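What follows is a single structure, written as structure tokens, with notes after it.
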Amino acid sequence: MSKRLRSSEVCADCSVPDPSWASVNRGTFICDECCSVHRSLGRHISQVRHLKHTPWPPTLLQMVETLYNNGANSIWEHSLLDPASLMSGRRKANPQDKVHPNKAEFIRAKYQMLAFVHRLPCRDDDSVTAKDLSKQLHSSVRTGNLETCLRLLSLGAQANFFHPEKGNTPLHVASKAGQILQAELLAVYGADPGTQDSSGKTPVDYARQGGHHELAERLVEIQYELTDRLAFYLCGRKPDHKNGQHFIIPQMADSSLDLSELAKAAKKKLQSLNNHLFEELAMDVYDEVDRRETDAVWLATQNHSTLVTETTVVPFLPVNPEYSSTRNQGRQKLARFNAHEFATLVIDILSDAKRRQQGSPLSSSKDNVELILKTINNQHSIESQDNDQPDYDSVASDEDPDLEATASKAHRQKSLDSDLSDGPVTVQEFMEVKNALVASEAKIQQLMKVNNNLSDELRIMQKKLLGKDAN
């Protein structure tokens, strides 16, 4: 962290002192209980990080701290703070409220429904409004006023907007001005460091030409965020982008003997996907890595003298309504992969990302993301018939398969745009990491078992108390 949290800081949602988590895209600090609700909403709503136990790029943390200190929470609670608003009589959550339903309902209304955000006057053409907001964002990012830009983004401004007259994007403007915190905010909302302006220059080029070398280096890191995160998950280290190393790809021990037939089929289908669908799959695996790592931090930081109930656990990726039903089902079933299976999939994605960057021809022209998702679904079909695990809950419909968030479009390209070189990991290193992952999963299962036992004990005590009261 760039600095220690001050004791005056409170949870943005319920005002509990000394919050331990941050919602990166909302610019707020939140407590453990509220964080449990944020996590259940999904990363498309709230991207959470622990303030002490999660690695932070220094300027990303500085960006969140700046937003928090400058009242970013008032953006999400505008109508609650406005005496003239009809919503001003509604009460926000407080420390004494129960997580469910009180805090959960308030947090969903605040961030998922955006119920308290300032609304612009209705206009016949919403696209014109979004364009106007995006142009304002384009101008605002040259300054250090982060909360103004967050407000514009909350109202619908597009972080990757290409200004038709200026011939560039807001990230180009921020990079030219050396506004590294603005660049962090834009990237969180989907700005792509690889986007070219009308002259073929990227934001990285703008930063280097302006002498903003720290910003240029950070933009390269952002560009490779997806594959860096996957590599770090397996290896505990990241590529050295400064020296032109953009990929680390662990090698499986005797992979030809280690792969099951289903895994081999999945790899072939993965290679047959076009770049767009491959990037969607890579994003889904990225989200699953984030879920697993955040779960590990969550369980490690909870006080187990109090119950961590099932309502605070995120067992699989939450539904994103902008994705198809098939994609949501495939995303959720990634949670069933054990450490070895998941590591194999991550390595395949890293390897194929490199292959695509080098321009190797695709093995097939037939591109259908459902092939890989069906393979993912089938890998545990026999197991799911023989156990008591419930089917996954509601998923989105396929009524509008073309609807995609701009942020998602931009992030799909971040790690697939530059020259690359390898930093191979030895078999011994991989096996050490693999064993650590297995041990981590075993620890999580043990903690969950402890929680279940505590839940049972609590129910028994409650029954005894009720029996005494009846007598």
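Residue numbering restarts at 1 in every chain; chains get A, B, ... in the order shown in the structure tokens, and ligands count up from 1 in that same order.
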
Using only C-alpha atoms, I'd like a table of the residues in region 199-246 of chain A that come within 9 Å of region 350-354 of chain A; for each, show the closest atom pair and its distance in Å rounded to one decimal, ordered by chain and ascending number, as JSON lines.
```
{"residue": "A:Thr227", "atom": "CA", "partner": "A:Leu350", "partner_atom": "CA", "distance": 6.5}
{"residue": "A:Leu230", "atom": "CA", "partner": "A:Leu350", "partner_atom": "CA", "distance": 7.7}
{"residue": "A:Ala231", "atom": "CA", "partner": "A:Leu350", "partner_atom": "CA", "distance": 7.7}
```

Keeping C-alpha atoms for every residue in the selection just given, could you write it to a file as a PDB file, in the first residue's frame?
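Output contents, as saved in part_30.pdb:
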```
ATOM      1  CA  THR A 227      -2.052 -12.973 -19.165  1.00  0.00           C
ATOM      2  CA  LEU A 230      -2.914 -15.984 -15.188  1.00  0.00           C
ATOM      3  CA  ALA A 231       0.857 -16.504 -15.080  1.00  0.00           C
TER       4      ALA A 231
END
```

**OP:** To one decimal in Å, tell me the separation between CA of Gly200 (chain A) and CA of Leu186 (chain A).
**Re:**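 Taking CA of Gly200 (chain A) and CA of Leu186 (chain A), their separation equals 20.0 Å.
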
Would you write out, as JSON lines, a table of all residues in region 156-251 of chain A that have an atom no more than 10 Å from an atom of region 45-63 of chain A, listing for each the closest atom pair and the distance in Å to one decimal, considering only C-alpha atoms and ordering rows by chain and rising residue number?
```
{"residue": "A:Ile180", "atom": "CA", "partner": "A:Thr59", "partner_atom": "CA", "distance": 7.3}
{"residue": "A:Leu181", "atom": "CA", "partner": "A:Met63", "partner_atom": "CA", "distance": 5.3}
{"residue": "A:Gln182", "atom": "CA", "partner": "A:Met63", "partner_atom": "CA", "distance": 7.8}
{"residue": "A:Ala183", "atom": "CA", "partner": "A:Met63", "partner_atom": "CA", "distance": 9.4}
{"residue": "A:Glu184", "atom": "CA", "partner": "A:Leu60", "partner_atom": "CA", "distance": 6.0}
{"residue": "A:Leu185", "atom": "CA", "partner": "A:Met63", "partner_atom": "CA", "distance": 7.1}
{"residue": "A:Ala187", "atom": "CA", "partner": "A:Leu60", "partner_atom": "CA", "distance": 9.9}
{"residue": "A:Val188", "atom": "CA", "partner": "A:Gln47", "partner_atom": "CA", "distance": 9.1}
{"residue": "A:Glu214", "atom": "CA", "partner": "A:Thr59", "partner_atom": "CA", "distance": 9.9}
{"residue": "A:Leu215", "atom": "CA", "partner": "A:Thr59", "partner_atom": "CA", "distance": 9.4}
{"residue": "A:Arg218", "atom": "CA", "partner": "A:Thr59", "partner_atom": "CA", "distance": 8.7}
{"residue": "A:Glu221", "atom": "CA", "partner": "A:Pro57", "partner_atom": "CA", "distance": 9.6}
```

Subject >> Residue nearest Gly27 (chain A) among A:Leu281, A:Ala72, A:Cys11, A:Ala335 (counting only C-alpha atoms) >> reply: A:Ala72

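Compared by their closest atoms to Leu277 (chain A), and using only C-alpha atoms, the residues A:Arg327, A:Phe29, A:Leu80, A:Asp290 rank with A:Arg327 nearest.
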
Original post:
If we count only C-alpha atoms, what is near Glu217 (chain A) at a cut-off of 10 Å, once residues fewer than 2 positions away on the same chain are taken out, given as a VMD selection string?
Top reply: chain A and resid 204 207 to 208 212 to 215 219 to 223 241 to 242

Restricting it to N, CA, C and O atoms, dump the selection as a PDB file, in the first residue's frame.
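In the end it all went to result_2.pdb:
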```pdb
ATOM      1  N   VAL A 204       0.564   4.407 -25.142  1.00  0.00           N
ATOM      2  CA  VAL A 204       1.936   4.143 -24.700  1.00  0.00           C
ATOM      3  C   VAL A 204       2.904   5.058 -25.456  1.00  0.00           C
ATOM      4  O   VAL A 204       3.834   5.632 -24.864  1.00  0.00           O
ATOM      5  N   ALA A 207       2.683   8.572 -24.006  1.00  0.00           N
ATOM      6  CA  ALA A 207       3.348   8.705 -22.713  1.00  0.00           C
ATOM      7  C   ALA A 207       4.867   8.780 -22.898  1.00  0.00           C
ATOM      8  O   ALA A 207       5.538   9.602 -22.261  1.00  0.00           O
ATOM      9  N   ARG A 208       5.408   7.942 -23.763  1.00  0.00           N
ATOM     10  CA  ARG A 208       6.854   7.946 -23.989  1.00  0.00           C
ATOM     11  C   ARG A 208       7.307   9.258 -24.628  1.00  0.00           C
ATOM     12  O   ARG A 208       8.341   9.822 -24.234  1.00  0.00           O
ATOM     13  N   HIS A 212       6.821  10.659 -19.948  1.00  0.00           N
ATOM     14  CA  HIS A 212       6.141  10.077 -18.778  1.00  0.00           C
ATOM     15  C   HIS A 212       6.441   8.578 -18.741  1.00  0.00           C
ATOM     16  O   HIS A 212       5.598   7.735 -19.060  1.00  0.00           O
ATOM     17  N   HIS A 213       7.652   8.243 -18.341  1.00  0.00           N
ATOM     18  CA  HIS A 213       8.126   6.865 -18.463  1.00  0.00           C
ATOM     19  C   HIS A 213       7.425   5.915 -17.490  1.00  0.00           C
ATOM     20  O   HIS A 213       7.143   4.764 -17.843  1.00  0.00           O
ATOM     21  N   GLU A 214       7.153   6.373 -16.267  1.00  0.00           N
ATOM     22  CA  GLU A 214       6.424   5.522 -15.320  1.00  0.00           C
ATOM     23  C   GLU A 214       5.036   5.184 -15.857  1.00  0.00           C
ATOM     24  O   GLU A 214       4.583   4.040 -15.767  1.00  0.00           O
ATOM     25  N   LEU A 215       4.382   6.168 -16.445  1.00  0.00           N
ATOM     26  CA  LEU A 215       3.058   5.944 -17.027  1.00  0.00           C
ATOM     27  C   LEU A 215       3.154   4.973 -18.203  1.00  0.00           C
ATOM     28  O   LEU A 215       2.317   4.066 -18.332  1.00  0.00           O
ATOM     29  N   LEU A 219       1.198   1.427 -18.462  1.00  0.00           N
ATOM     30  CA  LEU A 219       0.261   1.133 -19.549  1.00  0.00           C
ATOM     31  C   LEU A 219       0.586  -0.209 -20.206  1.00  0.00           C
ATOM     32  O   LEU A 219      -0.328  -0.952 -20.602  1.00  0.00           O
ATOM     33  N   VAL A 220       1.868  -0.525 -20.322  1.00  0.00           N
ATOM     34  CA  VAL A 220       2.252  -1.833 -20.865  1.00  0.00           C
ATOM     35  C   VAL A 220       1.777  -2.937 -19.923  1.00  0.00           C
ATOM     36  O   VAL A 220       1.263  -3.972 -20.365  1.00  0.00           O
ATOM     37  N   GLU A 221       1.933  -2.725 -18.617  1.00  0.00           N
ATOM     38  CA  GLU A 221       1.442  -3.709 -17.643  1.00  0.00           C
ATOM     39  C   GLU A 221      -0.068  -3.905 -17.771  1.00  0.00           C
ATOM     40  O   GLU A 221      -0.572  -5.031 -17.713  1.00  0.00           O
ATOM     41  N   ILE A 222      -0.784  -2.802 -17.927  1.00  0.00           N
ATOM     42  CA  ILE A 222      -2.240  -2.881 -18.076  1.00  0.00           C
ATOM     43  C   ILE A 222      -2.599  -3.647 -19.345  1.00  0.00           C
ATOM     44  O   ILE A 222      -3.547  -4.436 -19.377  1.00  0.00           O
ATOM     45  N   GLN A 223      -1.821  -3.419 -20.404  1.00  0.00           N
ATOM     46  CA  GLN A 223      -2.064  -4.087 -21.677  1.00  0.00           C
ATOM     47  C   GLN A 223      -1.965  -5.602 -21.535  1.00  0.00           C
ATOM     48  O   GLN A 223      -2.688  -6.355 -22.196  1.00  0.00           O
ATOM     49  N   HIS A 241       8.406  -6.960 -18.454  1.00  0.00           N
ATOM     50  CA  HIS A 241       8.033  -6.216 -19.657  1.00  0.00           C
ATOM     51  C   HIS A 241       9.093  -5.189 -20.056  1.00  0.00           C
ATOM     52  O   HIS A 241       9.253  -4.887 -21.240  1.00  0.00           O
ATOM     53  N   LYS A 242       9.822  -4.654 -19.079  1.00  0.00           N
ATOM     54  CA  LYS A 242      10.841  -3.651 -19.383  1.00  0.00           C
ATOM     55  C   LYS A 242      11.913  -4.203 -20.311  1.00  0.00           C
ATOM     56  O   LYS A 242      12.478  -3.473 -21.122  1.00  0.00           O
TER      57      LYS A 242
END
```

Original post:
If you count only C-alpha atoms, which residues fall within 7 Å of His78 (chain A), apart from same-chain ones fewer than 3 positions away, as a PyMOL selection string?
Top reply: chain A and resi 74-75+81-82+116-118

Take the residues that were just selected and, keeping N, CA and C atoms, output them as a JSON list (two decimals), in the first residue's frame.
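In the end it all went to selection_2.json:
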```json
[["chain", "number", "residue", "atom", "x", "y", "z"],
["A", 74, "SER", "N", -20.33, 9.85, -2.86],
["A", 74, "SER", "CA", -21.49, 10.71, -3.08],
["A", 74, "SER", "C", -22.05, 10.54, -4.50],
["A", 75, "ILE", "N", -21.23, 10.03, -5.42],
["A", 75, "ILE", "CA", -21.74, 9.75, -6.78],
["A", 75, "ILE", "C", -22.77, 8.64, -6.72],
["A", 81, "LEU", "N", -28.35, 12.02, -0.56],
["A", 81, "LEU", "CA", -27.76, 13.21, 0.06],
["A", 81, "LEU", "C", -28.45, 14.50, -0.36],
["A", 82, "ASP", "N", -29.27, 14.44, -1.39],
["A", 82, "ASP", "CA", -29.93, 15.64, -1.93],
["A", 82, "ASP", "C", -31.27, 15.85, -1.23],
["A", 116, "PHE", "N", -29.49, 5.40, -6.79],
["A", 116, "PHE", "CA", -29.29, 6.71, -6.15],
["A", 116, "PHE", "C", -28.37, 7.63, -6.96],
["A", 117, "VAL", "N", -27.96, 7.17, -8.14],
["A", 117, "VAL", "CA", -27.09, 7.99, -9.00],
["A", 117, "VAL", "C", -27.90, 9.12, -9.63],
["A", 118, "HIS", "N", -27.29, 10.29, -9.76],
["A", 118, "HIS", "CA", -27.95, 11.43, -10.39],
["A", 118, "HIS", "C", -28.35, 11.09, -11.82]]
```

Original post:
Looking only at the backbone, which of the residues in region 155-190 of chain A does DSSP tag as alpha helix (DSSP H), as a list in words?
Top reply: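 So the alpha helix (DSSP H) residues in region 155-190 of chain A would be Leu155, Pro170, Leu171, His172, Val173, Ala174, Ser175, Lys176, Ala177, Ile180, Leu181, Gln182, Ala183, Glu184, Leu185, Leu186, Ala187 and Val188 of chain A.
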
How about saving the chosen residues, N, CA and C atoms kept, as a short mmCIF file (atom, residue, chain, number, x, y, z; two decimals), in the first residue's frame?
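Now in out-v2.cif:
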```cif
data_model
loop_
_atom_site.label_atom_id
_atom_site.label_comp_id
_atom_site.auth_asym_id
_atom_site.auth_seq_id
_atom_site.Cartn_x
_atom_site.Cartn_y
_atom_site.Cartn_z
N LEU A 155 -22.45 7.95 -15.48
CA LEU A 155 -23.62 8.40 -16.24
C LEU A 155 -23.66 7.82 -17.65
N PRO A 170 -9.86 9.12 -24.83
CA PRO A 170 -9.50 9.76 -23.56
C PRO A 170 -8.16 9.28 -23.01
N LEU A 171 -7.83 8.00 -23.22
CA LEU A 171 -6.56 7.48 -22.70
C LEU A 171 -5.37 8.11 -23.41
N HIS A 172 -5.51 8.42 -24.69
CA HIS A 172 -4.46 9.16 -25.39
C HIS A 172 -4.24 10.53 -24.73
N VAL A 173 -5.34 11.21 -24.40
CA VAL A 173 -5.26 12.55 -23.81
C VAL A 173 -4.61 12.48 -22.43
N ALA A 174 -5.06 11.53 -21.60
CA ALA A 174 -4.49 11.39 -20.26
C ALA A 174 -3.01 11.04 -20.32
N SER A 175 -2.63 10.20 -21.27
CA SER A 175 -1.23 9.79 -21.41
C SER A 175 -0.36 10.96 -21.85
N LYS A 176 -0.86 11.76 -22.77
CA LYS A 176 -0.10 12.92 -23.23
C LYS A 176 0.11 13.91 -22.09
N ALA A 177 -0.91 14.04 -21.22
CA ALA A 177 -0.83 14.98 -20.10
C ALA A 177 -0.10 14.39 -18.89
N ILE A 180 -1.41 9.82 -14.70
CA ILE A 180 -1.36 8.37 -14.49
C ILE A 180 -2.57 7.84 -13.73
N LEU A 181 -3.12 8.63 -12.80
CA LEU A 181 -4.30 8.17 -12.06
C LEU A 181 -5.53 8.17 -12.95
N GLN A 182 -5.62 9.14 -13.85
CA GLN A 182 -6.72 9.12 -14.83
C GLN A 182 -6.60 7.89 -15.73
N ALA A 183 -5.37 7.57 -16.10
CA ALA A 183 -5.15 6.39 -16.94
C ALA A 183 -5.60 5.12 -16.21
N GLU A 184 -5.31 5.05 -14.90
CA GLU A 184 -5.75 3.90 -14.10
C GLU A 184 -7.28 3.80 -14.10
N LEU A 185 -7.94 4.92 -13.88
CA LEU A 185 -9.40 4.93 -13.84
C LEU A 185 -9.99 4.52 -15.19
N LEU A 186 -9.46 5.08 -16.27
CA LEU A 186 -9.96 4.74 -17.61
C LEU A 186 -9.76 3.26 -17.90
N ALA A 187 -8.60 2.71 -17.50
CA ALA A 187 -8.33 1.29 -17.75
C ALA A 187 -9.30 0.40 -16.98
N VAL A 188 -9.62 0.77 -15.74
CA VAL A 188 -10.59 0.00 -14.96
C VAL A 188 -11.93 -0.05 -15.67
#
```

Original post:
Where in region 10-204 of chain A does DSSP assign strand (DSSP E or B), given as a ChimeraX atom specification?
Top reply: /A:10,17,21-23,28-30,48-50

**OP:** Would you mind reading off the distance between CA of Lys267 (chain A) and CA of Pro239 (chain A), one decimal, in Å?
**Re:**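 Separation of CA of Lys267 (chain A) and CA of Pro239 (chain A): 23.8 Å.
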
**OP:** Work out how far CA of Arg229 (chain A) is from CA of Lys201 (chain A), in Å to one decimal.
**Re:** 26.2 Å
